[in-house]
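Trainee: I have a structure I would like to understand better, so I am pasting it below and will then ask my questions one at a time.
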Amino acid sequence: MFRLFLAFFALVPALALAEPRLGDDGLHKQDWFHQSFLELNEDGAEAVAEGKFLLVLVEQAGCPYCRELHAVNFERPEIVEAMKTHNLTVQLDLWGSREITDIKGQPMEERAWAQANAVNFTPTTIIYGQNAQGELGELFRLPGYLKPFHYL
């Protein structure tokens with residue numbers, strides 16, 4: 001029995017999750033994130049033209065739930081494939097000072113955008129698309145971390 005116990009714990013490091021790649025800003029990165037100029041109005045128009053949604057992922061450095069999103073959810077091929085197929089994904093920093101242009105064309109810092117859009121948790125996933133009037137607007141929001149089944 002003791003040998004079985006030791007054999008199990010010998011496997012534990014192999015079962016550990018891969019550490020998500022961190023950017024210079026302290027946020028976890030994915031190769032399939034859209035390389036945006038942070039002009040959400042233009043990113044939204046590009047997404048609609050491609051038949052996709054604009055997905056804005058708001059995170060913050062040091063967030064354990066953001067790490068979990070990348071280490072668990074974004075390691076699942078079915079989630080990554082769905083994200084790439086249906087969304088143009090732009091990552092924002094909850095406390096960031098980069099200038100962005102919001103959906104209505106107004107310039108502001110990331111942190112001001114997060115406050116104006118009532119983003120209170122990280123990660124927060126916001127999905128934008130065309131509404132019934134053909135205007136770009138928020139369609140759905142996932143505040144906080146959700147397990148892979150629910151995120152998909």
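Chain identifiers are assigned as A, B, and so on, following the order in which chains appear in the structure tokens; residues are numbered from 1 within each chain, and ligands are numbered from 1 in order of appearance.
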Find the spatial neighbours of segment 125-137 of chain A, counting only C-alpha atoms, within a cut-off of 12 Å - ignore same-chain residues fewer than 4 positions away - and output them as a PyMOL selection string.
Mentor: chain A and resi 40-59+66+69+83+86-92+94+102-105+114+117-121+141-146+151-152
Trainee: Could you find all residues in chain A that DSSP calls alpha helix (DSSP H) from the backbone, and write them as an mmCIF file with N, CA, C and O atoms, in the first residue's frame?
Mentor:
```cif
data_model
loop_
_atom_site.group_PDB
_atom_site.id
_atom_site.type_symbol
_atom_site.label_atom_id
_atom_site.label_comp_id
_atom_site.auth_asym_id
_atom_site.auth_seq_id
_atom_site.Cartn_x
_atom_site.Cartn_y
_atom_site.Cartn_z
ATOM 1 N N PHE A 2 1.942 1.217 0.802
ATOM 2 C CA PHE A 2 2.829 2.371 0.879
ATOM 3 C C PHE A 2 3.482 2.656 -0.470
ATOM 4 O O PHE A 2 3.654 3.807 -0.854
ATOM 5 N N ARG A 3 3.813 1.602 -1.225
ATOM 6 C CA ARG A 3 4.407 1.780 -2.553
ATOM 7 C C ARG A 3 3.429 2.468 -3.502
ATOM 8 O O ARG A 3 3.816 3.295 -4.316
ATOM 9 N N LEU A 4 2.170 2.105 -3.417
ATOM 10 C CA LEU A 4 1.140 2.747 -4.237
ATOM 11 C C LEU A 4 1.038 4.228 -3.895
ATOM 12 O O LEU A 4 0.923 5.079 -4.767
ATOM 13 N N PHE A 5 1.096 4.534 -2.620
ATOM 14 C CA PHE A 5 1.061 5.915 -2.149
ATOM 15 C C PHE A 5 2.231 6.712 -2.735
ATOM 16 O O PHE A 5 2.055 7.812 -3.249
ATOM 17 N N LEU A 6 3.438 6.146 -2.670
ATOM 18 C CA LEU A 6 4.621 6.816 -3.211
ATOM 19 C C LEU A 6 4.535 6.959 -4.725
ATOM 20 O O LEU A 6 4.929 7.983 -5.285
ATOM 21 N N ALA A 7 4.026 5.951 -5.396
ATOM 22 C CA ALA A 7 3.878 6.019 -6.855
ATOM 23 C C ALA A 7 2.930 7.134 -7.253
ATOM 24 O O ALA A 7 3.165 7.853 -8.227
ATOM 25 N N PHE A 8 1.852 7.305 -6.494
ATOM 26 C CA PHE A 8 0.897 8.376 -6.792
ATOM 27 C C PHE A 8 1.565 9.740 -6.671
ATOM 28 O O PHE A 8 1.456 10.581 -7.554
ATOM 29 N N PHE A 9 2.284 9.966 -5.592
ATOM 30 C CA PHE A 9 2.888 11.267 -5.387
ATOM 31 C C PHE A 9 4.067 11.511 -6.330
ATOM 32 O O PHE A 9 4.441 12.651 -6.567
ATOM 33 N N ALA A 10 4.619 10.472 -6.898
ATOM 34 C CA ALA A 10 5.650 10.641 -7.922
ATOM 35 C C ALA A 10 5.040 11.204 -9.203
ATOM 36 O O ALA A 10 5.699 11.891 -9.965
ATOM 37 N N LEU A 11 3.738 10.953 -9.423
ATOM 38 C CA LEU A 11 3.045 11.444 -10.608
ATOM 39 C C LEU A 11 2.518 12.863 -10.447
ATOM 40 O O LEU A 11 2.228 13.522 -11.426
ATOM 41 N N VAL A 12 2.369 13.331 -9.238
ATOM 42 C CA VAL A 12 1.746 14.638 -8.995
ATOM 43 C C VAL A 12 2.399 15.765 -9.781
ATOM 44 O O VAL A 12 1.712 16.548 -10.422
ATOM 45 N N PRO A 13 3.739 15.913 -9.819
ATOM 46 C CA PRO A 13 4.323 16.991 -10.622
ATOM 47 C C PRO A 13 3.951 16.895 -12.095
ATOM 48 O O PRO A 13 3.757 17.898 -12.759
ATOM 49 N N ALA A 14 3.807 15.687 -12.618
ATOM 50 C CA ALA A 14 3.433 15.518 -14.021
ATOM 51 C C ALA A 14 1.995 15.959 -14.266
ATOM 52 O O ALA A 14 1.637 16.343 -15.371
ATOM 53 N N LEU A 15 1.162 15.888 -13.231
ATOM 54 C CA LEU A 15 -0.236 16.276 -13.370
ATOM 55 C C LEU A 15 -0.458 17.770 -13.151
ATOM 56 O O LEU A 15 -1.542 18.274 -13.397
ATOM 57 N N LEU A 40 -12.097 49.853 -29.518
ATOM 58 C CA LEU A 40 -13.144 48.841 -29.435
ATOM 59 C C LEU A 40 -14.225 49.028 -30.487
ATOM 60 O O LEU A 40 -14.805 48.044 -30.951
ATOM 61 N N ASN A 41 -14.480 50.269 -30.874
ATOM 62 C CA ASN A 41 -15.479 50.494 -31.926
ATOM 63 C C ASN A 41 -15.021 49.863 -33.242
ATOM 64 O O ASN A 41 -15.817 49.236 -33.944
ATOM 65 N N GLU A 42 -13.740 50.014 -33.572
ATOM 66 C CA GLU A 42 -13.221 49.419 -34.804
ATOM 67 C C GLU A 42 -13.072 47.904 -34.678
ATOM 68 O O GLU A 42 -13.334 47.164 -35.624
ATOM 69 N N ASP A 43 -12.656 47.437 -33.497
ATOM 70 C CA ASP A 43 -12.562 45.996 -33.274
ATOM 71 C C ASP A 43 -13.939 45.354 -33.388
ATOM 72 O O ASP A 43 -14.089 44.271 -33.955
ATOM 73 N N GLY A 44 -14.954 46.038 -32.867
ATOM 74 C CA GLY A 44 -16.327 45.535 -32.963
ATOM 75 C C GLY A 44 -16.799 45.464 -34.396
ATOM 76 O O GLY A 44 -17.420 44.478 -34.815
ATOM 77 N N ALA A 45 -16.496 46.490 -35.177
ATOM 78 C CA ALA A 45 -16.880 46.498 -36.590
ATOM 79 C C ALA A 45 -16.154 45.384 -37.349
ATOM 80 O O ALA A 45 -16.749 44.714 -38.197
ATOM 81 N N GLU A 46 -14.887 45.169 -37.013
ATOM 82 C CA GLU A 46 -14.120 44.091 -37.643
ATOM 83 C C GLU A 46 -14.718 42.724 -37.288
ATOM 84 O O GLU A 46 -14.860 41.852 -38.148
ATOM 85 N N ALA A 47 -15.083 42.552 -36.023
ATOM 86 C CA ALA A 47 -15.680 41.286 -35.594
ATOM 87 C C ALA A 47 -16.991 41.026 -36.334
ATOM 88 O O ALA A 47 -17.218 39.927 -36.848
ATOM 89 N N VAL A 48 -17.849 42.034 -36.415
ATOM 90 C CA VAL A 48 -19.132 41.884 -37.109
ATOM 91 C C VAL A 48 -18.906 41.544 -38.585
ATOM 92 O O VAL A 48 -19.578 40.679 -39.144
ATOM 93 N N ALA A 49 -17.939 42.208 -39.214
ATOM 94 C CA ALA A 49 -17.640 41.946 -40.625
ATOM 95 C C ALA A 49 -17.172 40.506 -40.846
ATOM 96 O O ALA A 49 -17.405 39.935 -41.905
ATOM 97 N N PRO A 64 -5.805 35.446 -9.072
ATOM 98 C CA PRO A 64 -5.745 33.983 -9.123
ATOM 99 C C PRO A 64 -6.821 33.372 -10.018
ATOM 100 O O PRO A 64 -6.616 32.319 -10.609
ATOM 101 N N TYR A 65 -7.953 34.043 -10.134
ATOM 102 C CA TYR A 65 -9.022 33.518 -10.988
ATOM 103 C C TYR A 65 -8.709 33.747 -12.468
ATOM 104 O O TYR A 65 -9.103 32.951 -13.314
ATOM 105 N N CYS A 66 -7.987 34.814 -12.775
ATOM 106 C CA CYS A 66 -7.531 35.036 -14.147
ATOM 107 C C CYS A 66 -6.535 33.945 -14.532
ATOM 108 O O CYS A 66 -6.604 33.388 -15.628
ATOM 109 N N ARG A 67 -5.637 33.630 -13.602
ATOM 110 C CA ARG A 67 -4.675 32.554 -13.842
ATOM 111 C C ARG A 67 -5.418 31.244 -14.086
ATOM 112 O O ARG A 67 -5.082 30.486 -14.987
ATOM 113 N N GLU A 68 -6.433 30.979 -13.300
ATOM 114 C CA GLU A 68 -7.222 29.755 -13.449
ATOM 115 C C GLU A 68 -7.908 29.705 -14.810
ATOM 116 O O GLU A 68 -7.961 28.654 -15.452
ATOM 117 N N LEU A 69 -8.427 30.845 -15.261
ATOM 118 C CA LEU A 69 -9.061 30.910 -16.579
ATOM 119 C C LEU A 69 -8.078 30.474 -17.662
ATOM 120 O O LEU A 69 -8.419 29.695 -18.552
ATOM 121 N N HIS A 70 -6.850 30.954 -17.576
ATOM 122 C CA HIS A 70 -5.837 30.628 -18.579
ATOM 123 C C HIS A 70 -5.289 29.215 -18.402
ATOM 124 O O HIS A 70 -5.094 28.504 -19.387
ATOM 125 N N ALA A 71 -5.037 28.816 -17.155
ATOM 126 C CA ALA A 71 -4.421 27.514 -16.892
ATOM 127 C C ALA A 71 -5.384 26.349 -17.075
ATOM 128 O O ALA A 71 -4.956 25.251 -17.409
ATOM 129 N N PRO A 77 -8.932 22.396 -25.635
ATOM 130 C CA PRO A 77 -9.024 22.669 -27.075
ATOM 131 C C PRO A 77 -10.416 23.090 -27.530
ATOM 132 O O PRO A 77 -10.542 23.953 -28.394
ATOM 133 N N GLU A 78 -11.463 22.510 -26.951
ATOM 134 C CA GLU A 78 -12.816 22.864 -27.379
ATOM 135 C C GLU A 78 -13.168 24.308 -27.026
ATOM 136 O O GLU A 78 -13.880 24.981 -27.769
ATOM 137 N N ILE A 79 -12.640 24.808 -25.922
ATOM 138 C CA ILE A 79 -12.897 26.209 -25.541
ATOM 139 C C ILE A 79 -12.103 27.138 -26.444
ATOM 140 O O ILE A 79 -12.637 28.121 -26.961
ATOM 141 N N VAL A 80 -10.834 26.838 -26.655
ATOM 142 C CA VAL A 80 -9.993 27.684 -27.517
ATOM 143 C C VAL A 80 -10.564 27.727 -28.929
ATOM 144 O O VAL A 80 -10.651 28.792 -29.546
ATOM 145 N N GLU A 81 -10.976 26.579 -29.444
ATOM 146 C CA GLU A 81 -11.535 26.529 -30.795
ATOM 147 C C GLU A 81 -12.810 27.371 -30.890
ATOM 148 O O GLU A 81 -13.003 28.125 -31.845
ATOM 149 N N ALA A 82 -13.675 27.255 -29.892
ATOM 150 C CA ALA A 82 -14.905 28.058 -29.885
ATOM 151 C C ALA A 82 -14.583 29.550 -29.783
ATOM 152 O O ALA A 82 -15.198 30.371 -30.465
ATOM 153 N N MET A 83 -13.603 29.900 -28.954
ATOM 154 C CA MET A 83 -13.226 31.309 -28.803
ATOM 155 C C MET A 83 -12.699 31.863 -30.123
ATOM 156 O O MET A 83 -13.065 32.962 -30.530
ATOM 157 N N LYS A 84 -11.842 31.114 -30.796
ATOM 158 C CA LYS A 84 -11.253 31.586 -32.048
ATOM 159 C C LYS A 84 -12.275 31.615 -33.179
ATOM 160 O O LYS A 84 -12.226 32.499 -34.031
ATOM 161 N N THR A 85 -13.183 30.675 -33.181
ATOM 162 C CA THR A 85 -14.178 30.583 -34.249
ATOM 163 C C THR A 85 -15.246 31.667 -34.155
ATOM 164 O O THR A 85 -15.642 32.240 -35.166
ATOM 165 N N HIS A 86 -15.686 31.975 -32.941
ATOM 166 C CA HIS A 86 -16.858 32.836 -32.762
ATOM 167 C C HIS A 86 -16.558 34.243 -32.257
ATOM 168 O O HIS A 86 -17.457 35.086 -32.239
ATOM 169 N N GLU A 110 -8.075 52.543 -19.759
ATOM 170 C CA GLU A 110 -8.695 51.244 -19.469
ATOM 171 C C GLU A 110 -9.444 51.264 -18.143
ATOM 172 O O GLU A 110 -10.568 50.781 -18.053
ATOM 173 N N ARG A 111 -8.817 51.792 -17.094
ATOM 174 C CA ARG A 111 -9.445 51.787 -15.763
ATOM 175 C C ARG A 111 -10.717 52.619 -15.746
ATOM 176 O O ARG A 111 -11.676 52.284 -15.076
ATOM 177 N N ALA A 112 -10.756 53.712 -16.507
ATOM 178 C CA ALA A 112 -11.972 54.527 -16.595
ATOM 179 C C ALA A 112 -13.048 53.771 -17.362
ATOM 180 O O ALA A 112 -14.236 53.828 -17.007
ATOM 181 N N TRP A 113 -12.645 53.042 -18.407
ATOM 182 C CA TRP A 113 -13.596 52.230 -19.158
ATOM 183 C C TRP A 113 -14.197 51.154 -18.262
ATOM 184 O O TRP A 113 -15.409 50.931 -18.272
ATOM 185 N N ALA A 114 -13.331 50.488 -17.474
ATOM 186 C CA ALA A 114 -13.809 49.430 -16.571
ATOM 187 C C ALA A 114 -14.815 49.998 -15.575
ATOM 188 O O ALA A 114 -15.871 49.395 -15.329
ATOM 189 N N GLN A 115 -14.524 51.162 -15.033
ATOM 190 C CA GLN A 115 -15.441 51.785 -14.067
ATOM 191 C C GLN A 115 -16.740 52.193 -14.755
ATOM 192 O O GLN A 115 -17.832 51.945 -14.230
ATOM 193 N N ALA A 116 -16.664 52.789 -15.926
ATOM 194 C CA ALA A 116 -17.863 53.221 -16.652
ATOM 195 C C ALA A 116 -18.732 52.044 -17.066
ATOM 196 O O ALA A 116 -19.950 52.193 -17.215
ATOM 197 N N PRO A 148 -14.815 25.406 -16.728
ATOM 198 C CA PRO A 148 -14.825 25.206 -18.172
ATOM 199 C C PRO A 148 -16.188 24.879 -18.770
ATOM 200 O O PRO A 148 -16.554 25.448 -19.807
ATOM 201 N N PHE A 149 -16.941 23.991 -18.150
ATOM 202 C CA PHE A 149 -18.241 23.615 -18.709
ATOM 203 C C PHE A 149 -19.149 24.834 -18.872
ATOM 204 O O PHE A 149 -19.773 25.023 -19.907
ATOM 205 N N HIS A 150 -19.183 25.680 -17.864
ATOM 206 C CA HIS A 150 -20.043 26.860 -17.906
ATOM 207 C C HIS A 150 -19.469 27.941 -18.824
ATOM 208 O O HIS A 150 -20.214 28.650 -19.495
ATOM 209 N N TYR A 151 -18.150 28.076 -18.840
ATOM 210 C CA TYR A 151 -17.529 29.085 -19.708
ATOM 211 C C TYR A 151 -17.773 28.765 -21.177
ATOM 212 O O TYR A 151 -18.069 29.652 -21.967
#
```
Trainee: Please identify all polymer residues within 6 Å of segment 26-35 of chain A, counting only C-alpha atoms, omitting same-chain residues fewer than 2 positions from it, and present them as a PDB file with C-alpha atoms, in the first residue's frame.
Mentor:
```pdb
ATOM      1  CA  ARG A  21       2.514  32.844 -20.069  1.00  0.00           C
ATOM      2  CA  LEU A  22       2.713  36.277 -18.428  1.00  0.00           C
ATOM      3  CA  GLY A  23       3.147  39.497 -20.373  1.00  0.00           C
ATOM      4  CA  ASP A  24       5.160  42.521 -19.280  1.00  0.00           C
ATOM      5  CA  ALA A  61      -2.191  41.348 -12.546  1.00  0.00           C
ATOM      6  CA  THR A  89     -10.908  38.596 -28.217  1.00  0.00           C
ATOM      7  CA  VAL A  90      -9.412  41.795 -26.795  1.00  0.00           C
TER       8      VAL A  90
END
```
Trainee: Can you work out the spacing between atom CA of Ser36 of chain A and atom CA of Ile100 of chain A in Å, to one decimal?
Mentor: 9.8 Å
Trainee: Using DSSP on the backbone, list every residue of chain A that comes out as strand (DSSP E or B), and give them as number ranges by chain.
Mentor: A: 22, 28, 39, 53-59, 87-93, 99-101, 107-109, 124-130, 136-143
Trainee: How many Å lie between atom CA of Leu139 of chain A and atom CA of Gly96 of chain A, rounded to one decimal?
Mentor: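 Interatomic distance, atom CA of Leu139 of chain A to atom CA of Gly96 of chain A: 23.8 Å.
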Trainee: Could you please determine the separation between atom CA of Val72 of chain A and atom CA of Lys147 of chain A in Å, to one decimal place?
Mentor: 8.3 Å
